[in-house]
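Chemist: Handing over input-v2.txt, compact mmCIF, C-alpha atoms and all ligand atoms.
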# COMPACT_ATOMS: atom_id res chain seq x y z
CA MET A 1117 11.78 39.04 180.92
CA ARG A 1118 13.89 42.13 180.61
CA ALA A 1119 11.99 45.35 180.50
CA PHE A 1120 13.65 46.57 177.34
CA GLU A 1121 12.88 43.44 175.34
CA SER A 1122 9.59 45.02 174.43
CA CYS A 1123 11.30 48.24 173.38
CA CYS A 1124 11.12 48.96 169.65
CA HIS A 1125 14.80 50.00 169.57
CA ARG A 1126 15.84 46.68 170.99
CA LEU A 1127 13.97 44.87 168.25
CA LEU A 1128 15.42 47.13 165.59
CA ASP A 1129 18.90 46.69 166.91
CA ARG A 1130 18.74 42.91 166.73
CA GLN A 1131 17.35 42.86 163.22
CA LYS A 1132 19.10 45.77 161.59
CA ILE A 1133 22.19 46.49 163.61
CA LYS A 1134 24.52 46.94 160.65
CA THR A 1135 22.32 49.17 158.53
CA PRO A 1136 19.53 50.45 160.71
CA PRO A 1137 16.93 52.18 158.55
CA LYS A 1138 16.13 55.61 159.89
CA ALA A 1139 12.57 55.38 158.60
CA GLU A 1140 11.80 52.52 160.94
CA LEU A 1141 12.95 54.53 163.90
CA SER A 1142 10.04 56.89 163.56
CA THR A 1143 7.37 54.43 162.48
CA ALA A 1144 8.21 51.55 164.79
CA ARG A 1145 8.56 53.60 167.93
CA THR A 1146 6.37 52.45 170.75
CA LYS A 1147 4.89 54.21 173.70
CA ASP A 1148 7.25 54.90 176.59
CA CYS A 1149 10.26 54.26 174.38
CA PRO A 1150 12.18 57.51 173.89
CA ALA A 1151 13.84 58.42 170.62
CA PRO A 1152 17.45 57.26 170.29
CA PRO A 1153 19.81 60.15 171.03
CA TYR A 1154 21.94 59.45 167.94
CA ALA A 1155 19.11 59.62 165.43
CA THR A 1156 20.70 62.58 163.64
CA LEU A 1157 24.18 61.12 163.41
CA GLU A 1158 25.68 59.94 160.16
CA PHE A 1159 25.71 56.46 161.66
CA VAL A 1160 22.72 55.44 163.70
CA ILE A 1161 22.95 52.98 166.54
CA PRO A 1162 19.37 52.42 167.66
CA ARG A 1163 20.26 50.88 170.99
CA PRO A 1164 18.80 51.82 174.34
CA LEU A 1165 21.59 54.33 174.86
CA GLU A 1166 22.40 56.51 177.83
CA GLU A 1167 19.40 58.79 177.59
CA ASN A 1168 17.08 55.81 177.58
CA ARG A 1169 18.52 54.42 180.77
CA GLY A 1170 19.49 57.65 182.46
CA ILE A 1171 23.15 56.71 182.43
CA ASP A 1172 25.71 59.51 182.65
CA TYR A 1173 28.84 58.62 180.72
CA ASN A 1174 30.89 61.43 182.24
CA TYR A 1175 32.70 58.99 184.45
CA GLY A 1176 34.25 60.56 187.51
CA MET A 1177 37.65 59.04 186.82
CA TYR A 1178 38.07 61.04 183.62
CA LYS A 1179 39.09 64.66 183.32
CA GLN A 1180 36.53 65.31 180.62
CA VAL A 1181 35.80 68.72 179.23
CA PRO A 1182 32.06 69.36 178.95
CA CYS A 1183 30.66 69.73 175.43
CA ALA A 1184 30.56 73.42 174.46
CA SER A 1185 26.95 73.02 173.35
CA GLY A 1186 25.95 72.56 176.98
CA CYS A 1187 24.43 69.13 176.34
CA GLY A 1188 26.12 67.68 179.39
CA ARG A 1189 28.16 65.06 177.51
CA GLY A 1190 31.93 65.08 177.55
CA ALA A 1191 33.72 66.66 174.59
CA VAL A 1192 35.62 64.32 172.29
CA SER A 1193 39.35 64.45 173.01
CA GLY A 1194 40.93 67.30 171.06
CA SER A 1195 37.56 68.95 170.42
CA THR A 1196 35.22 71.26 172.29
CA LEU A 1197 32.16 69.24 171.26
CA CYS A 1198 30.80 65.76 171.92
CA ALA A 1199 30.29 63.28 169.06
CA LEU A 1200 26.61 64.16 168.86
CA HIS A 1201 27.32 67.84 168.21
CA SER A 1202 30.52 67.39 166.21
CA ALA A 1203 30.51 68.96 162.75
CA ASP A 1204 32.79 66.21 161.44
CA GLN A 1205 32.67 62.94 163.36
CA ALA A 1206 34.84 61.17 160.79
CA ALA A 1207 37.60 63.77 161.29
CA ASP A 1208 37.36 63.35 165.07
CA ALA A 1209 37.67 59.58 164.75
CA ARG A 1210 40.57 59.90 162.30
CA ARG A 1211 42.43 62.33 164.58
CA ILE A 1212 42.07 60.08 167.62
CA ALA A 1213 42.99 56.92 165.69
CA LEU A 1214 46.15 58.52 164.29
CA ALA A 1215 47.20 59.84 167.71
CA VAL A 1216 46.61 56.46 169.34
CA GLN A 1217 48.48 54.62 166.60
CA ALA A 1218 51.41 57.04 166.74
CA GLY A 1219 51.80 56.82 170.51
CA LYS A 1220 50.69 53.19 170.79
CA ALA A 1221 48.68 54.41 173.75
CA ALA A 1222 45.36 55.97 174.70
CA PHE A 1223 45.10 57.50 178.14
CA ASP A 1224 42.14 59.49 179.38
CA GLU A 1225 40.71 59.63 175.85
CA ASN A 1226 37.05 60.33 175.23
CA ALA A 1227 35.92 58.97 171.88
CA ALA A 1228 32.35 58.13 172.91
CA GLY A 1229 29.95 57.87 169.98
CA LEU A 1230 32.55 57.81 167.19
CA LYS A 1231 32.90 55.27 164.40
CA PHE A 1232 36.13 53.41 163.66
CA GLU A 1233 36.49 51.22 160.57
CA GLY A 1234 39.51 49.17 159.55
CA ILE A 1235 41.80 50.69 162.17
CA ASP A 1236 44.83 48.75 163.39
CA PHE A 1237 45.10 49.20 167.17
CA SER A 1238 47.48 46.22 167.60
CA GLY A 1239 49.50 46.38 170.79
CA VAL A 1240 48.02 49.71 171.88
CA ASP A 1241 47.88 50.44 175.60
CA PHE A 1242 44.38 51.74 176.37
CA LYS A 1243 43.92 53.12 179.86
CA GLU A 1244 41.01 54.86 181.56
CA SER A 1245 39.41 55.82 178.27
CA ASN A 1246 35.82 56.11 177.20
CA PHE A 1247 34.69 54.44 173.95
CA SER A 1248 31.05 54.00 174.98
CA THR A 1249 28.51 53.82 172.12
CA CYS A 1250 31.34 53.67 169.56
CA TYR A 1251 31.08 51.56 166.43
CA PHE A 1252 34.06 49.37 165.57
CA PHE A 1253 34.09 47.50 162.25
CA GLN A 1254 37.02 45.32 161.14
CA CYS A 1255 39.35 46.84 163.73
CA LEU A 1256 42.43 45.02 165.00
CA PHE A 1257 43.26 44.91 168.72
CA PRO A 1258 45.61 41.88 168.98
CA LYS A 1259 47.91 42.09 171.99
CA ALA A 1260 46.33 45.38 172.98
CA LYS A 1261 46.06 46.20 176.66
CA PHE A 1262 42.91 47.69 178.16
CA ASP A 1263 42.80 48.88 181.74
CA SER A 1264 39.62 50.38 183.15
CA CYS A 1265 38.17 51.32 179.75
CA PHE A 1266 34.49 51.70 178.91
CA PHE A 1267 32.90 50.26 175.77
CA ASP A 1268 29.32 50.28 177.07
CA PHE A 1269 26.68 49.98 174.33
CA ALA A 1270 29.40 49.92 171.68
CA VAL A 1271 29.05 47.80 168.54
CA PHE A 1272 31.88 45.51 167.49
CA SER A 1273 31.73 43.68 164.18
CA ALA A 1274 34.53 41.52 162.73
CA CYS A 1275 37.15 42.74 165.23
CA ASP A 1276 40.17 40.85 166.53
CA PHE A 1277 41.08 41.05 170.24
CA SER A 1278 43.20 37.88 170.29
CA GLY A 1279 46.03 37.86 172.80
CA SER A 1280 44.76 41.03 174.44
CA ASN A 1281 44.58 42.00 178.10
CA ILE A 1282 41.18 43.49 178.96
CA GLN A 1283 41.02 43.48 182.74
CA PHE A 1284 38.59 45.63 184.68
CA SER A 1285 36.90 47.03 181.57
CA SER A 1286 33.22 47.27 180.73
CA PHE A 1287 31.38 46.16 177.61
CA SER A 1288 27.91 46.27 179.15
CA GLY A 1289 25.08 46.39 176.62
CA ALA A 1290 27.52 46.02 173.71
CA ASP A 1291 26.80 44.13 170.50
CA ILE A 1292 29.72 41.86 169.71
CA GLU A 1293 29.53 39.90 166.46
CA ASP A 1294 32.10 37.83 164.60
CA CYS A 1295 34.92 38.83 166.96
CA SER A 1296 37.85 36.90 168.42
CA PHE A 1297 38.92 37.17 172.06
CA GLU A 1298 41.11 34.04 171.89
CA ASN A 1299 43.98 33.52 174.30
CA SER A 1300 43.21 36.72 176.16
CA GLU A 1301 43.21 37.95 179.74
CA LEU A 1302 39.55 38.80 180.34
CA SER A 1303 39.27 38.69 184.12
CA HIS A 1304 36.93 41.07 185.96
CA VAL A 1305 35.29 42.23 182.71
CA ASN A 1306 31.69 43.41 182.60
CA PHE A 1307 29.88 41.78 179.64
CA CYS A 1308 26.42 42.20 181.22
CA GLY A 1309 23.55 42.73 178.81
CA THR A 1310 25.68 42.07 175.75
CA ILE A 1311 24.62 40.37 172.55
CA ILE A 1312 27.38 37.99 171.55
CA GLN A 1313 27.20 36.08 168.29
CA ASP A 1314 29.73 34.08 166.23
CA CYS A 1315 32.55 34.92 168.63
CA THR A 1316 35.39 32.90 170.10
CA PHE A 1317 36.87 33.22 173.58
CA ASN A 1318 38.93 30.01 173.33
CA GLY A 1319 41.91 29.69 175.65
CA SER A 1320 41.08 32.83 177.65
CA ASN A 1321 41.01 33.59 181.33
CA LEU A 1322 37.58 34.98 182.18
CA TYR A 1323 37.94 34.81 185.96
CA ASN A 1324 35.20 36.76 187.78
CA SER A 1325 33.75 38.28 184.59
CA ARG A 1326 30.02 38.78 184.24
CA PHE A 1327 27.66 37.90 181.39
CA ILE A 1328 24.46 38.55 183.38
CA MET A 1329 21.39 38.94 181.10
CA SER A 1330 23.52 38.51 177.98
CA GLU A 1331 22.27 36.83 174.82
CA MET A 1332 24.92 34.50 173.49
CA LYS A 1333 24.70 32.47 170.32
CA ASP A 1334 26.98 30.29 168.17
CA SER A 1335 30.12 31.09 170.15
CA ASP A 1336 33.03 29.13 171.60
CA PHE A 1337 34.46 29.20 175.13
CA GLU A 1338 36.80 26.19 174.77
CA ASP A 1339 39.52 25.61 177.33
CA CYS A 1340 38.70 28.79 179.27
CA ASN A 1341 39.03 29.58 182.95
CA LEU A 1342 35.40 30.19 183.97
CA LYS A 1343 35.94 30.34 187.72
CA ARG A 1344 33.39 32.74 189.27
CA VAL A 1345 32.15 33.79 185.81
CA ASN A 1346 28.51 34.81 186.20
CA PHE A 1347 26.11 33.72 183.43
CA THR A 1348 22.89 34.16 185.43
CA MET A 1349 19.78 35.16 183.46
CA SER A 1350 21.71 34.85 180.20
CA LYS A 1351 20.37 33.18 177.07
CA ARG A 1352 22.80 30.71 175.56
CA GLU A 1353 22.28 28.98 172.23
CA ASN A 1354 24.90 26.72 170.67
CA ILE A 1355 27.63 27.77 173.10
CA ASN A 1356 30.64 25.45 173.25
CA PHE A 1357 32.22 25.16 176.73
CA LYS A 1358 34.40 22.13 175.89
CA LEU A 1359 37.35 21.64 178.27
CA SER A 1360 36.32 24.67 180.37
CA ASN A 1361 35.62 24.51 184.11
CA THR A 1362 31.88 25.19 183.91
CA ALA A 1363 31.41 23.66 187.38
CA GLU A 1364 33.10 26.70 188.85
CA ALA A 1365 30.96 29.18 186.89
CA ILE A 1366 27.63 30.56 188.08
CA PHE A 1367 24.68 29.80 185.80
CA ALA A 1368 21.74 30.45 188.10
CA MET A 1369 20.81 32.39 191.19
CA ARG A 1370 20.33 30.20 194.22
CA ASP A 1371 16.53 30.59 194.07
CA ASP A 1372 16.51 29.47 190.42
CA GLN A 1373 18.37 26.24 191.06
ZN ZN B 1 27.20 67.85 172.98
Just give me the structure as structure tokens.

Modeler:
Amino acid sequence: MRAFESCCHRLLDRQKIKTPPKAELSTARTKDCPAPPYATLEFVIPRPLEENRGIDYNYGMYKQVPCASGCGRGAVSGSTLCALHSADQAADARRIALAVQAGKAAFDENAAGLKFEGIDFSGVDFKESNFSTCYFFQCLFPKAKFDSCFFDFAVFSACDFSGSNIQFSSFSGADIEDCSFENSELSHVNFCGTIIQDCTFNGSNLYNSRFIMSEMKDSDFEDCNLKRVNFTMSKRENINFKLSNTAEAIFAMRDDQ
């Protein structure tokens, strides 16, 4: 059993991910489970975020400017502050979305912790950008290209990634619900620890991607390339692998077999 399954935030996140009640954050908190770092944000994502796991999202590959508050996070692109300390997160998200749409590209962007709703990112070229802990609702990414981008612990709801190219990117710990990744290039992608529900990956190449410790439910992987895809320690309920090469995927560690 995963250590964080007993964490109160984990339980909250699964039950209330769309509209997490702030009241429950204080009353349901358990011992040894630190407060979520985004508790004061306009939108609350009660996931085991970076502070809970000691993860530093200032990835070395990015030229991030430190937040002027001295919190240690990277400042949002075009700002001197991180999303947590921003006075107007919606304005930050709007500025970045408009710039990305205008240039059809995002390179070295840091948007970590921001919320994007109803944004059309079709065909955008995302490269080496950080969207960790972001919230995406009804956003369009068809035929977008992602290269070495981070979406760790992000939340995706009703988003369309069909026909996209998402190689070498990370979605670890993300919640992905009601999203389409059909006919996409998804090789070498990190989906470890994700919660995936009501999604479709039909017709996609998932070569060497990893779903280790993921919880997957009511989703389709029809006619996919699953060679070297690692599903070890994942929970799978009503997953359709029809016409996919499951024999070449990895479902268990050698000791478990
Ligand atoms: Zn800050």

Chemist: May I ask which of the residues A:Val1181, A:Cys1295, A:Cys1250, A:Ala1218 is the closest one to A:Phe1267, counting only C-alpha atoms?

Modeler: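 Checking each candidate against A:Phe1267, we get A:Cys1250 as the closest.
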
Chemist: Write out, as a tab-separated table, each residue of chain A that has an atom at most 9 Å from ligand ZN 1 (chain B), together with the closest pair of atoms and their distance in Å to one decimal, counting all atoms listed in the file, rows going by chain and rising number.

Modeler:
residue	atom	partner	partner_atom	distance
A:Pro1182	CA	B:ZN1	ZN	7.8
A:Cys1183	CA	B:ZN1	ZN	4.6
A:Ala1184	CA	B:ZN1	ZN	6.7
A:Ser1185	CA	B:ZN1	ZN	5.2
A:Gly1186	CA	B:ZN1	ZN	6.3
A:Cys1187	CA	B:ZN1	ZN	4.5
A:Gly1188	CA	B:ZN1	ZN	6.5
A:Arg1189	CA	B:ZN1	ZN	5.4
A:Gly1190	CA	B:ZN1	ZN	7.1
A:Ala1191	CA	B:ZN1	ZN	6.8
A:Thr1196	CA	B:ZN1	ZN	8.7
A:Leu1197	CA	B:ZN1	ZN	5.4
A:Cys1198	CA	B:ZN1	ZN	4.3
A:Ala1199	CA	B:ZN1	ZN	6.8
A:Leu1200	CA	B:ZN1	ZN	5.6
A:His1201	CA	B:ZN1	ZN	4.8
A:Ser1202	CA	B:ZN1	ZN	7.6

Chemist: Quick one, how far is atom CA of A:Ala1228 from atom CA of A:Ser1195?

Modeler: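 Separating atom CA of A:Ala1228 from atom CA of A:Ser1195 is a distance of 12.3 Å.
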
Chemist: For A:Ser1303, find every residue with an atom within 9 Å (counting all atoms listed in the file), except residues of its own chain fewer than 3 positions away, and show them as a ChimeraX atom specification.

Modeler: /A:1281-1284,1320-1325,1345

Chemist: Would you put the residues from that selection into a file with C-alpha atoms, as a CSV table (one decimal), keeping the file's coordinate frame?

Modeler:
chain,number,residue,atom,x,y,z
A,1281,ASN,CA,44.6,42.0,178.1
A,1282,ILE,CA,41.2,43.5,179.0
A,1283,GLN,CA,41.0,43.5,182.7
A,1284,PHE,CA,38.6,45.6,184.7
A,1320,SER,CA,41.1,32.8,177.6
A,1321,ASN,CA,41.0,33.6,181.3
A,1322,LEU,CA,37.6,35.0,182.2
A,1323,TYR,CA,37.9,34.8,186.0
A,1324,ASN,CA,35.2,36.8,187.8
A,1325,SER,CA,33.8,38.3,184.6
A,1345,VAL,CA,32.2,33.8,185.8

Chemist: Grab the atom CA of A:Ser1245 to atom CA of A:Phe1223 distance for me, in Å with one decimal place.

Modeler: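 Separation between atom CA of A:Ser1245 and atom CA of A:Phe1223: 5.9 Å.
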
Chemist: Could you pull the residues within 10 Å of A:Glu1353, counting all atoms listed in the file, minus those fewer than 6 positions along the same chain, as a list in words?

Modeler: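 Answer for this query is Gln1313, Glu1331, Met1332, Lys1333, Asp1334 and Ser1335 of chain A.
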
Chemist: Compile the contact shell of A:Gly1279 as a ChimeraX atom specification: residues with an atom at most 7 Å away, counting all atoms listed in the file, same-chain residues fewer than 3 positions apart removed.

Modeler: /A:1258-1259,1298-1300

Chemist: Can you work out the spacing between atom CA of A:His1304 and atom CA of A:Phe1287 in Å, to one decimal?

Modeler: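 For atom CA of A:His1304 relative to atom CA of A:Phe1287, the distance reads 11.2 Å.
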
Chemist: Calculated over all atoms listed in the file, which of the candidates A:Phe1266, A:Phe1327, A:Phe1317, A:Phe1297 has the smallest distance to A:Thr1249?

Modeler: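 Using all atoms listed in the file, A:Thr1249 sits closest to A:Phe1266.
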